[in-house]
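Novice: Take a look at this one; I'll ask things after.
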Amino acid sequence: MKYVLAVLVENKPGVLVRVAGLFARRGFNIESLAVGKTVDPAISRMTIEVEADEKTLEQVVKQLNKLINILRISNLTHEPSVNRELVMIKVKANATNRAEIQQIVETFRAKIVDVSLHSVIIEITGNEEKLEAILLLLSHYGILETVRTGKIALLRGSKVIKNGEVKENDKDVL
Amino acid sequence: MVIEALKKENVDVIFGYPGGAVLNLYDQLYDADIRHIMTRHEQAAVHAADGYARATGRPGVVFATSGPGATNLVTGIATAYMDSVPLVLITGQVSSPLIGTDAFQEADIFGITLPITKHNYLVTELADLPRIMKEAFYLAASGRCGPVLIDLPKDIQQAEGEFRYPKTVQIPGYNPTYDGHLGQINRAIKALARAKKPVLYAGGGVVSSGAHELLLELAERTETPVTTTLMGLSAFPGCHPLSLGMLGMHGTYWANIAVNEADLLIAIGARFDDRVTGKINRFAQGAKIVHIDIDPAEIGKNIRVDVPIVGDVKRVLTELLKKTEAKQHPEWLARIEELKNCAPLVYCQEPEGELLPQFVIESIYRETKGEAVITTEVGQHQMWTAQYYKFKNLRSLASSGGLGTMGYGFPASLGAQLGRPEEIVFCIAGDGSFQMNSQELATAVNYNIPVKVAIINNQYLGMVRQWQQIFFRRRYSSVALEKGPDFVKLAEAYGAVGLRAEKAAEVAVVIRQAMAIPGPVVLDFRVRAEENVFPMVPPNCPTCEMIRGDEE
């Protein structure tokens with residue numbers, strides 16, 4: 001199954017390579033990976049989506065923990081969390097079907113961010129189901145190109161990730 | 001700055017090889033009060049530092065230049081990584097502005113060594129250097145030990161700045177667990193109290209933790225037999241009545257059968273390597289498994305574990321012994337005695353017949369009274385050493401276990417000898433392995449490092465030949481070494497002493513002669529070519545299904 005891990009890492013050169021290299025050489029599969037700074041610029045947060053069985057996941061987490069630059073790992077898979085991904089989709093479009101596409105875009109609460117004579121670019125955020133649904137619909141018109149950010153996830157409510165565990169918020173928030 | 005940091009870390013010897021990108025470092029070394037051993041190849045420098053670390057327990061330190069100097073370290077780093085040996089390696093790098101331009105002797109050693117170091121650094125600011133040095137030594141020798149590499153660009157070596165060595169380290173992402181979980185330790189104590197057929201399975205973790213006395217105490221108090229891995233051989237006295245010797249592919253018959261029949265297996269600082277377990281789902285099937293290891297990632301990696309205990313072996317055993325009660329297992333020990341008699345390790349050395357490798361190794365054992373520090377290369381001689389040399393003292397064996405690096409043993413013996421100058425150091429080698437780093441004879445002679453190299457010379461790459469004989473119908477493909485050099489003359493060419501033995505009666509004589517010589521000696525033992533290592537577990541078979549060698 002797919003698991004979502006939130007990984008806090010020191011913002012140092014080579015950290016991404018260490019993580020990616022570890023997955024590669026131990027034969028783990030990364031479904032998606034998104035990285036960005038946190039409020040503390042010395043710390044970055046990675047959201048890693050992993051396709052694995054339970055035993056492999058345990059090894060993934062343990063091996064990641066051995067990397068010196070990794071601070072905390074938490075498994076958000078079974079925690080109530082908001083999961084999002086941003087996708088940009090370039091679709092074939094002309095004067096006759098542009099309105100139709102516009103309607104789909106509105107239904108999905110997406111946005112058209114670029115229009116040309118023969119195509120439009122659609123920007124959409126959402127969870128996996130929503131993204132798959134719109135991609136399926138748009139494929140009818142001809143998808144020229146897509147780009148995805150990879151999944152990012154955050155716990156619902158005032159809960160935060162601390163010491164690798166999910167805890168109620170106290171002042172120390174990253 | 002590097003040299004000052006090394007002094008703070010009480011480094012007494014550095015192994016290395018100079019070059020363009022470490023000129024500044026070597027210039028500072030010129031005036032420093034630290035011994036430098038220049039090997040004849042960078043690979044040998046790492047192996048020597050590794051041998052030093054295994055023999056002393058202190059981190060080995062290596063210098064090498066950028067590019068080829070650094071890449072020549074790779075095999076040695078991987079060897080140390082697999083066997084959790086503490087090393088600090090400092091490589092020169094081209095000047096910062098040149099990094100990434102394919103400059104002369106530039107190699108991305110940071111990237112290359114990512115998967116084979118515990119951690120590594122590329123120094124970008126001079127101000128970071130003291131902290132990085134401090135962290136490197138701390139990381140290498142704490143938790144599960146391992147090699148740490150620091151890549152140091154030339155301009156940073158040249159830069160001058162104030163040297164303030166930090167007193168403490170703060171690495172937020174690194175907190176090894178040393179104390180075992182008390183609840184789990186209690187479960188282990190109960191399991192041991194209930195067990196009728198327990199076995200202790202000790203690995204390199206017992207050695208690096210220095211827990212050999214506690215292991216002995218546990219074994220004796222609960223009358224539990226002990227089998228060890230190759231890495232754990234020096235953790236338990238080989239002559240002890242409770243010693244089962246090594247287990248696994250070339251382990252003793254009785255160790256493998258005992259593990260197979262056991263109802264409790266306590267793994268201590270060991271990692272259920274494939275050479276130990278054979279076919280994993282048939283390994284110790286009837287046993288409850290307790291696993292003590294400092295690395296949580298080892299627990300449950302290869303095998304299901306009933307009682308996991310993450311912690312330092314020494315601390316966990318101390319805690320465990322507090323409540324462990326004395327016990328006897330007369331029936332179990334009788335069964336093991338029966339197994340020992342059923343398939344003992346034997347060979348038959350005819351006085352005038354061909355010399356047997358097992359006899360040579362047992363003779364080295366007898367002549368050194370089991371007190372020598374032994375290093376080995378990799379292959380048949382390594383397994384015979386594990387079988388016939390009964391190790392007595394902790395850290396008396398250095399052998400490449402995980403990576404199985406030919407060319408390791410001879411340079412490692414140089415490091416071991418420098419770490420333990422008062423002791424007799426033997427390198428038991430094969431004629432194939434020795435040739436992978438035989439140039440180090442120059443180093444041995446240069447610094448008068450009095451190691452004794454015993455070459456078990458069967459004119460073959462013996463272990464590969466054995467596999468070709470058994471599994472490939474004797475189609476000996478690229479394993480013959482009959483044109484190999486005259487090792488006596490080779491030793492003499494370097495200025496060392498060379499001795500040869502071809503008959504049984506000569507063996508003890510040349511060993512004694514070698515031990516009396518205060519410099520390096522090469523012993524050429526011309527042994528039977530097609531002798532095989534038995535017992536042997538064929539690949540992917542359960543360890544209870546051994547070829548014993550007496551079937552034919």
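Chain labels run A, B, ... following the order of the structure tokens; each chain numbers its residues from 1, and ligands are numbered from 1 in the order shown.
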Write out, as a tab-separated table, each residue of chain B that has an atom at most 10 Å from chain A, together with the closest pair of atoms and their distance in Å to one decimal, counting only C-alpha atoms, rows going by chain and rising number.

Specialist:
residue	atom	partner	partner_atom	distance
B:Phe110	CA	A:Gly14	CA	8.9
B:Gly111	CA	A:Gly14	CA	8.3
B:Leu114	CA	A:Arg18	CA	6.9
B:Pro115	CA	A:Leu22	CA	7.4
B:Lys118	CA	A:Leu67	CA	7.9
B:His119	CA	A:Ile68	CA	6.8
B:Asn120	CA	A:Ile68	CA	9.5
B:Tyr121	CA	A:Gly14	CA	9.3
B:Leu122	CA	A:Pro13	CA	8.9
B:Leu139	CA	A:Ile68	CA	9.1
B:Arg144	CA	A:Lys66	CA	10.0
B:Ile171	CA	A:Ile68	CA	7.7
B:Pro172	CA	A:Leu71	CA	6.5
B:Gly173	CA	A:Leu71	CA	4.4
B:Tyr174	CA	A:Ile68	CA	5.6
B:Asn175	CA	A:Ile68	CA	9.2
B:Pro176	CA	A:Lys66	CA	9.3
B:Asp295	CA	A:Lys66	CA	8.5
B:Pro296	CA	A:Lys62	CA	6.8
B:Ala297	CA	A:Lys62	CA	5.0
B:Glu298	CA	A:Lys62	CA	8.8
B:Ile299	CA	A:Gln59	CA	9.4
B:Gly300	CA	A:Gln59	CA	8.4
B:Lys301	CA	A:Gln59	CA	6.8

Novice: Could you give me, as a PyMOL selection string, each residue of chain A that DSSP assigns to strand (DSSP E) when run on this structure's backbone?

Specialist: chain A and resi 2-10+29-37+43-51+70-75+81-92+111-115+119-126+143-148+152-155+160-162+165-167

Novice: Report as a list in words all protein, DNA and RNA residues lying within 9 Å of Val453 in chain B, evaluated on only C-alpha atoms, omitting residues in the same chain fewer than 3 positions from it.

Specialist: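 Close residues of Val453 in chain B: Phe410, Ser413, Val425, Phe426, Cys427, Ile428, Ala429, Phe434, Pro520, Val521, Val522, Leu523 and Asp524 of chain B.
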
Novice: Got a sec: who's within 8 Å of Ala52 in chain A, counting only C-alpha atoms, leaving out chain neighbours fewer than 4 positions off, as a PyMOL selection string?

Specialist: chain A and resi 1-3+28-29+56-57

Novice: Given the selection you just returned, output its residues as a file containing C-alpha atoms, formatted as a compact mmCIF listing (two decimals), in the first residue's frame.

Specialist:
# COMPACT_ATOMS: atom_id res chain seq x y z
CA MET A 1 0.00 0.00 0.00
CA LYS A 2 0.93 3.67 -0.16
CA TYR A 3 2.28 5.36 2.92
CA PHE A 28 12.49 1.00 -1.88
CA ASN A 29 10.06 2.78 -4.19
CA THR A 56 9.51 -2.79 4.08
CA LEU A 57 8.06 0.42 5.47

Novice: So how far away is CA of Glu325 in chain B from CA of Ala193 in chain B, in Å?

Specialist: 7.4 Å

Novice: For range 392-409 of chain B, list every protein, DNA or RNA residue within 8 Å, evaluated using only C-alpha atoms, and leave out those in the same chain fewer than 6 positions away; present the list as a PyMOL selection string.

Specialist: chain B and resi 44+47+51+54-56+75-76+78-79+82-83+207+210+212+230-231+233-239+370-379+382+427-429+433-437

Novice: Store the residues of this selection in a file with C-alpha atoms, as an mmCIF file, in the first residue's frame.

Specialist:
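Final output, saved to result_10.cif:
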data_model
loop_
_atom_site.group_PDB
_atom_site.id
_atom_site.type_symbol
_atom_site.label_atom_id
_atom_site.label_comp_id
_atom_site.auth_asym_id
_atom_site.auth_seq_id
_atom_site.Cartn_x
_atom_site.Cartn_y
_atom_site.Cartn_z
ATOM 1 C CA ALA B 44 46.412 -0.392 2.069
ATOM 2 C CA HIS B 47 43.038 -1.419 5.621
ATOM 3 C CA GLY B 51 43.410 -3.236 11.392
ATOM 4 C CA ARG B 54 40.011 -3.483 15.267
ATOM 5 C CA ALA B 55 43.077 -4.329 17.309
ATOM 6 C CA THR B 56 42.832 -1.325 19.640
ATOM 7 C CA THR B 75 37.216 -0.658 -1.101
ATOM 8 C CA GLY B 76 38.697 -0.072 2.326
ATOM 9 C CA ALA B 78 33.258 -0.249 2.240
ATOM 10 C CA THR B 79 35.097 -2.988 4.150
ATOM 11 C CA MET B 82 30.230 -3.501 6.466
ATOM 12 C CA ASP B 83 32.071 -4.553 9.630
ATOM 13 C CA VAL B 207 33.749 -7.204 20.509
ATOM 14 C CA GLY B 210 33.860 -4.889 25.018
ATOM 15 C CA HIS B 212 33.248 -10.452 26.332
ATOM 16 C CA LEU B 230 33.370 -14.689 12.117
ATOM 17 C CA MET B 231 33.307 -11.151 13.531
ATOM 18 C CA LEU B 233 35.271 -15.121 17.210
ATOM 19 C CA SER B 234 37.443 -13.209 19.653
ATOM 20 C CA ALA B 235 34.453 -12.477 21.920
ATOM 21 C CA PHE B 236 34.395 -15.947 23.470
ATOM 22 C CA PRO B 237 37.340 -18.225 24.285
ATOM 23 C CA GLY B 238 37.497 -20.915 21.609
ATOM 24 C CA CYS B 239 38.750 -23.542 24.085
ATOM 25 C CA GLY B 370 46.447 -18.769 20.898
ATOM 26 C CA GLU B 371 47.865 -15.481 22.139
ATOM 27 C CA ALA B 372 48.734 -13.840 18.819
ATOM 28 C CA VAL B 373 46.798 -11.131 17.051
ATOM 29 C CA ILE B 374 45.635 -12.690 13.806
ATOM 30 C CA THR B 375 44.529 -11.003 10.621
ATOM 31 C CA THR B 376 43.346 -12.920 7.604
ATOM 32 C CA GLU B 377 42.756 -12.344 3.975
ATOM 33 C CA VAL B 378 39.618 -13.810 2.403
ATOM 34 C CA GLY B 379 39.011 -17.326 1.205
ATOM 35 C CA GLN B 382 40.175 -17.490 6.375
ATOM 36 C CA CYS B 427 48.597 -12.459 8.908
ATOM 37 C CA ILE B 428 47.194 -15.736 7.623
ATOM 38 C CA ALA B 429 46.916 -15.256 3.883
ATOM 39 C CA SER B 433 44.788 -12.559 -1.579
ATOM 40 C CA PHE B 434 48.342 -11.724 -0.562
ATOM 41 C CA GLN B 435 49.143 -10.622 -4.082
ATOM 42 C CA MET B 436 46.408 -7.995 -3.962
ATOM 43 C CA ASN B 437 48.485 -5.858 -1.613
#

Novice: If we count only C-alpha atoms and set the cut-off at 7 Å, which residues sit around Leu264 in chain B, ignoring sequence neighbours fewer than 4 positions away in its own chain? Please answer as a PDB file with N, CA, C and O atoms, in the first residue's frame.

Specialist:
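Once written, result.pdb looks like this:
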ATOM      1  N   ALA B 195      13.941 -21.760  29.043  1.00  0.00           N
ATOM      2  CA  ALA B 195      14.506 -22.510  27.907  1.00  0.00           C
ATOM      3  C   ALA B 195      15.152 -23.816  28.360  1.00  0.00           C
ATOM      4  O   ALA B 195      15.773 -23.895  29.416  1.00  0.00           O
ATOM      5  N   LYS B 197      16.788 -25.655  25.712  1.00  0.00           N
ATOM      6  CA  LYS B 197      17.887 -25.807  24.750  1.00  0.00           C
ATOM      7  C   LYS B 197      18.304 -24.437  24.200  1.00  0.00           C
ATOM      8  O   LYS B 197      18.124 -24.141  23.018  1.00  0.00           O
ATOM      9  N   PRO B 198      18.865 -23.595  25.078  1.00  0.00           N
ATOM     10  CA  PRO B 198      19.233 -22.248  24.630  1.00  0.00           C
ATOM     11  C   PRO B 198      20.603 -22.214  23.940  1.00  0.00           C
ATOM     12  O   PRO B 198      21.460 -23.047  24.219  1.00  0.00           O
ATOM     13  N   VAL B 199      20.753 -21.258  23.030  1.00  0.00           N
ATOM     14  CA  VAL B 199      22.063 -21.017  22.407  1.00  0.00           C
ATOM     15  C   VAL B 199      22.299 -19.510  22.371  1.00  0.00           C
ATOM     16  O   VAL B 199      21.383 -18.742  22.054  1.00  0.00           O
ATOM     17  N   ALA B 287      13.119 -22.029  17.438  1.00  0.00           N
ATOM     18  CA  ALA B 287      13.605 -21.198  18.546  1.00  0.00           C
ATOM     19  C   ALA B 287      12.838 -19.896  18.660  1.00  0.00           C
ATOM     20  O   ALA B 287      12.440 -19.283  17.670  1.00  0.00           O
ATOM     21  N   LYS B 288      12.678 -19.492  19.916  1.00  0.00           N
ATOM     22  CA  LYS B 288      12.253 -18.132  20.198  1.00  0.00           C
ATOM     23  C   LYS B 288      13.511 -17.282  19.989  1.00  0.00           C
ATOM     24  O   LYS B 288      14.604 -17.700  20.366  1.00  0.00           O
ATOM     25  N   ILE B 289      13.355 -16.106  19.378  1.00  0.00           N
ATOM     26  CA  ILE B 289      14.561 -15.322  19.081  1.00  0.00           C
ATOM     27  C   ILE B 289      14.596 -14.010  19.859  1.00  0.00           C
ATOM     28  O   ILE B 289      13.667 -13.204  19.798  1.00  0.00           O
TER      29      ILE B 289
END

Novice: Check the smallest atom-to-atom distance from each of A:Glu51, A:Glu85, A:Asp114, A:Asp40 to Lys130 in chain A using only C-alpha atoms, then report the winner.

Specialist: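 Smallest distance to Lys130 in chain A is found for A:Glu85.
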